[in-house]
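*Asks:* The structure's right below; bear with me while I get my questions together.
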Amino acid sequence: MQIQLHYKNVFKLVIFLGFVYLAYLIFFSSSNDVMPIIDVELRDVVSYAVLAVEMGGHAVAAIHKANKLAIQQKGLTDEGKAELLTKADLVSNKLILDVLRRFMGLKIVSEEHESESVTDEEAEAYREDRYSLWQSIRGSIDVLPNWKIYR
């Protein structure tokens with residue numbers, strides 16, 4: 001008995017084995033990460049963090065200037081004092097998170113919760129293009145070491 005291999009059948013077998021291996025990697029691999037490892041430069045993260053802080057700070061100043069703080073009590077501190085929450089807190093938090101979420105896998109810890117967040121339309125009213133200021137600061141950030149951050 002002689003076995004003859006046909007190139008179409010060999011190609012189908014290779015494709016099938018590739019899908020089996022891919023399924024193994026996705027479902028049975030011991031790795032907790034489902035996303036590939038992405039390397040990011042430290043100066044890029046710092047640069048976007050500065051941009052986020054500028055946008056958030058501008059929003060806080062604009063809301064305070066317009067006297068639209070909308071102060072509410074979030075709860076009590078450990079000392080029993082009222083913990084206040086303003087519209088400026090929520091808007092600046094939304095703007096900062098929008099900028100920092102551009103980095104996949106970056107773990108962001110925030111005092112405000114998503115459930116307390118403002119809508120995109122409310123935050124958009126206070127989003128100002130701070131690109132020129134960011135460009136002027138970017139030169140200072142470029143002197144940072146060129147370190148790679150791995151997720």
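In the structure tokens, chains take the letters A, B, ... in the order shown, each chain's residues start at 1, and ligands count up from 1 in the order shown.
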Fewer than 5 positions away in the same chain doesn't count, so skip those; otherwise give me all residues within 10 Å of Ser110 of chain A, counting only C-alpha atoms, as a VMD selection string.
*Replies:* chain A and resid 93 96 to 97
*Asks:* Keeping only N, CA and C atoms, write the selected residues as a PDB file, in the first residue's frame.
*Replies:*
ATOM      1  N   ASN A  93     -11.432  64.141  35.921  1.00  0.00           N
ATOM      2  CA  ASN A  93     -11.169  62.696  35.946  1.00  0.00           C
ATOM      3  C   ASN A  93     -11.481  62.076  34.590  1.00  0.00           C
ATOM      4  N   ILE A  96      -8.794  63.182  31.989  1.00  0.00           N
ATOM      5  CA  ILE A  96      -7.501  62.542  32.248  1.00  0.00           C
ATOM      6  C   ILE A  96      -7.544  61.068  31.838  1.00  0.00           C
ATOM      7  N   LEU A  97      -8.617  60.378  32.201  1.00  0.00           N
ATOM      8  CA  LEU A  97      -8.728  58.962  31.837  1.00  0.00           C
ATOM      9  C   LEU A  97      -8.814  58.762  30.331  1.00  0.00           C
TER      10      LEU A  97
END
*Asks:* Please identify all polymer residues within 12 Å of Ile108 of chain A, counting only C-alpha atoms, omitting same-chain residues fewer than 4 positions from it, and present them as a VMD selection string.
*Replies:* chain A and resid 49 93 96 to 104 112 to 113
*Asks:* Please write the residues from the selection above to a file, keeping N, CA and C atoms, as a PDB file, in the first residue's frame.
*Replies:*
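Wrote it out as again-v8.pdb, contents follow:
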ATOM      1  N   ALA A  49       0.940  61.852  30.151  1.00  0.00           N
ATOM      2  CA  ALA A  49       0.491  62.167  31.512  1.00  0.00           C
ATOM      3  C   ALA A  49       0.486  63.673  31.728  1.00  0.00           C
ATOM      4  N   ASN A  93     -11.432  64.141  35.921  1.00  0.00           N
ATOM      5  CA  ASN A  93     -11.169  62.696  35.946  1.00  0.00           C
ATOM      6  C   ASN A  93     -11.481  62.076  34.590  1.00  0.00           C
ATOM      7  N   ILE A  96      -8.794  63.182  31.989  1.00  0.00           N
ATOM      8  CA  ILE A  96      -7.501  62.542  32.248  1.00  0.00           C
ATOM      9  C   ILE A  96      -7.544  61.068  31.838  1.00  0.00           C
ATOM     10  N   LEU A  97      -8.617  60.378  32.201  1.00  0.00           N
ATOM     11  CA  LEU A  97      -8.728  58.962  31.837  1.00  0.00           C
ATOM     12  C   LEU A  97      -8.814  58.762  30.331  1.00  0.00           C
ATOM     13  N   ASP A  98      -9.495  59.673  29.631  1.00  0.00           N
ATOM     14  CA  ASP A  98      -9.595  59.565  28.177  1.00  0.00           C
ATOM     15  C   ASP A  98      -8.217  59.624  27.521  1.00  0.00           C
ATOM     16  N   VAL A  99      -7.334  60.461  28.044  1.00  0.00           N
ATOM     17  CA  VAL A  99      -5.985  60.567  27.479  1.00  0.00           C
ATOM     18  C   VAL A  99      -5.154  59.343  27.840  1.00  0.00           C
ATOM     19  N   LEU A 100      -5.191  58.925  29.093  1.00  0.00           N
ATOM     20  CA  LEU A 100      -4.322  57.837  29.547  1.00  0.00           C
ATOM     21  C   LEU A 100      -4.747  56.468  29.032  1.00  0.00           C
ATOM     22  N   ARG A 101      -6.000  56.306  28.646  1.00  0.00           N
ATOM     23  CA  ARG A 101      -6.464  55.004  28.140  1.00  0.00           C
ATOM     24  C   ARG A 101      -5.944  54.708  26.742  1.00  0.00           C
ATOM     25  N   ARG A 102      -5.201  55.643  26.171  1.00  0.00           N
ATOM     26  CA  ARG A 102      -4.585  55.382  24.866  1.00  0.00           C
ATOM     27  C   ARG A 102      -3.504  54.315  24.970  1.00  0.00           C
ATOM     28  N   PHE A 103      -2.999  54.109  26.183  1.00  0.00           N
ATOM     29  CA  PHE A 103      -1.990  53.082  26.413  1.00  0.00           C
ATOM     30  C   PHE A 103      -2.689  51.821  26.901  1.00  0.00           C
ATOM     31  N   MET A 104      -2.768  50.828  26.034  1.00  0.00           N
ATOM     32  CA  MET A 104      -3.415  49.569  26.406  1.00  0.00           C
ATOM     33  C   MET A 104      -2.617  48.917  27.519  1.00  0.00           C
ATOM     34  N   GLU A 112     -12.100  58.722  41.730  1.00  0.00           N
ATOM     35  CA  GLU A 112     -13.491  58.744  41.289  1.00  0.00           C
ATOM     36  C   GLU A 112     -13.815  57.431  40.592  1.00  0.00           C
ATOM     37  N   HIS A 113     -15.069  57.045  40.626  1.00  0.00           N
ATOM     38  CA  HIS A 113     -15.498  55.793  40.020  1.00  0.00           C
ATOM     39  C   HIS A 113     -16.231  56.079  38.726  1.00  0.00           C
TER      40      HIS A 113
END
*Asks:* Quick one, how far is atom CA of Glu121 of chain A from atom CA of Leu90 of chain A?
*Replies:*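 Separating atom CA of Glu121 of chain A from atom CA of Leu90 of chain A is a distance of 12.8 Å.
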*Asks:* Could you pull out the residues in chain A that DSSP calls helix (DSSP H, G or I) from the backbone, as number ranges by chain?
*Replies:* A: 7-27, 42-65, 87-100, 114-116, 120-124, 131-141
*Asks:* Rank A:Asp120, A:Asp142, A:Asp89, A:Glu128 by their smallest atom-to-atom distance to Val45 of chain A, using only C-alpha atoms, and report the top residue only.
*Replies:*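 Closest to Val45 of chain A of all the choices is A:Asp142.
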*Asks:* Looking at A:Tyr126, A:Tyr21, A:Phe28, A:Phe11, which one is nearest to Ala66 of chain A, with distances taken over only C-alpha atoms?
*Replies:*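 Under the stated criterion, the closest residue is A:Tyr126.
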*Asks:* For the structure I just gave you, how does DSSP split segment 7-103 of chain A - specifically, which residues are strand (DSSP E or B)? Reply as a PyMOL selection string.
*Replies:* chain A and resi 39-41+72-76+82-85
*Asks:* Generate a file of the selected residues that holds all heavy atoms, formatted as a compact mmCIF listing (two decimals), in the first residue's frame.
*Replies:*
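Result file follows (part_30.txt):
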# COMPACT_ATOMS: atom_id res chain seq x y z
N ASP A 39 5.82 47.05 24.06
CA ASP A 39 6.78 47.91 24.74
C ASP A 39 6.49 49.36 24.41
O ASP A 39 6.15 49.71 23.29
CB ASP A 39 8.22 47.52 24.40
CG ASP A 39 8.51 47.62 22.92
OD1 ASP A 39 7.58 47.39 22.12
OD2 ASP A 39 9.66 47.93 22.55
N VAL A 40 6.56 50.19 25.42
CA VAL A 40 6.26 51.61 25.32
C VAL A 40 7.42 52.37 25.93
O VAL A 40 8.00 51.93 26.92
CB VAL A 40 4.95 51.94 26.09
CG1 VAL A 40 4.63 53.42 26.02
CG2 VAL A 40 3.80 51.13 25.55
N GLU A 41 7.75 53.49 25.37
CA GLU A 41 8.83 54.30 25.92
C GLU A 41 8.32 55.11 27.10
O GLU A 41 7.20 55.65 27.07
CB GLU A 41 9.40 55.22 24.86
CG GLU A 41 10.15 54.48 23.78
CD GLU A 41 10.83 55.42 22.81
OE1 GLU A 41 10.95 56.62 23.12
OE2 GLU A 41 11.26 54.94 21.76
N GLN A 72 -21.35 68.11 46.04
CA GLN A 72 -22.18 67.11 46.67
C GLN A 72 -21.31 66.29 47.63
O GLN A 72 -20.09 66.26 47.50
CB GLN A 72 -22.84 66.21 45.63
CG GLN A 72 -21.93 65.72 44.55
CD GLN A 72 -22.68 64.96 43.49
OE1 GLN A 72 -23.32 63.97 43.81
NE2 GLN A 72 -22.58 65.40 42.25
N GLN A 73 -21.94 65.66 48.57
CA GLN A 73 -21.20 64.87 49.55
C GLN A 73 -21.12 63.43 49.07
O GLN A 73 -22.12 62.79 48.76
CB GLN A 73 -21.87 64.92 50.92
CG GLN A 73 -21.11 64.21 52.00
CD GLN A 73 -21.70 64.40 53.38
OE1 GLN A 73 -22.44 65.34 53.60
NE2 GLN A 73 -21.36 63.51 54.28
N LYS A 74 -19.89 62.93 49.00
CA LYS A 74 -19.66 61.57 48.54
C LYS A 74 -19.77 60.57 49.68
O LYS A 74 -20.13 59.42 49.48
CB LYS A 74 -18.28 61.50 47.88
CG LYS A 74 -17.97 60.17 47.26
CD LYS A 74 -16.83 60.19 46.28
CE LYS A 74 -15.50 60.54 46.85
NZ LYS A 74 -14.39 60.32 45.93
N GLY A 75 -19.47 61.01 50.86
CA GLY A 75 -19.49 60.13 52.02
C GLY A 75 -18.74 60.79 53.15
O GLY A 75 -18.55 62.00 53.17
N LEU A 76 -18.31 59.99 54.09
CA LEU A 76 -17.55 60.49 55.23
C LEU A 76 -16.15 59.91 55.20
O LEU A 76 -15.94 58.76 54.82
CB LEU A 76 -18.24 60.12 56.55
CG LEU A 76 -19.63 60.70 56.78
CD1 LEU A 76 -20.21 60.17 58.07
CD2 LEU A 76 -19.58 62.22 56.80
N ALA A 82 -17.06 65.32 56.13
CA ALA A 82 -17.70 65.11 54.83
C ALA A 82 -16.65 65.08 53.72
O ALA A 82 -15.75 65.91 53.68
CB ALA A 82 -18.70 66.23 54.57
N GLU A 83 -16.77 64.09 52.86
CA GLU A 83 -15.90 64.01 51.69
C GLU A 83 -16.69 64.57 50.50
O GLU A 83 -17.71 64.00 50.11
CB GLU A 83 -15.50 62.57 51.43
CG GLU A 83 -14.48 62.43 50.35
CD GLU A 83 -13.97 61.01 50.21
OE1 GLU A 83 -14.35 60.14 51.01
OE2 GLU A 83 -13.19 60.79 49.29
N LEU A 84 -16.22 65.68 49.98
CA LEU A 84 -16.97 66.39 48.95
C LEU A 84 -16.54 65.96 47.55
O LEU A 84 -15.39 65.60 47.32
CB LEU A 84 -16.78 67.89 49.12
CG LEU A 84 -17.20 68.45 50.48
CD1 LEU A 84 -16.93 69.94 50.55
CD2 LEU A 84 -18.67 68.16 50.75
N LEU A 85 -17.48 66.04 46.65
CA LEU A 85 -17.26 65.71 45.25
C LEU A 85 -17.87 66.82 44.42
O LEU A 85 -19.02 67.22 44.65
CB LEU A 85 -17.95 64.37 44.92
CG LEU A 85 -17.86 63.89 43.49
CD1 LEU A 85 -16.43 63.51 43.15
CD2 LEU A 85 -18.78 62.71 43.28
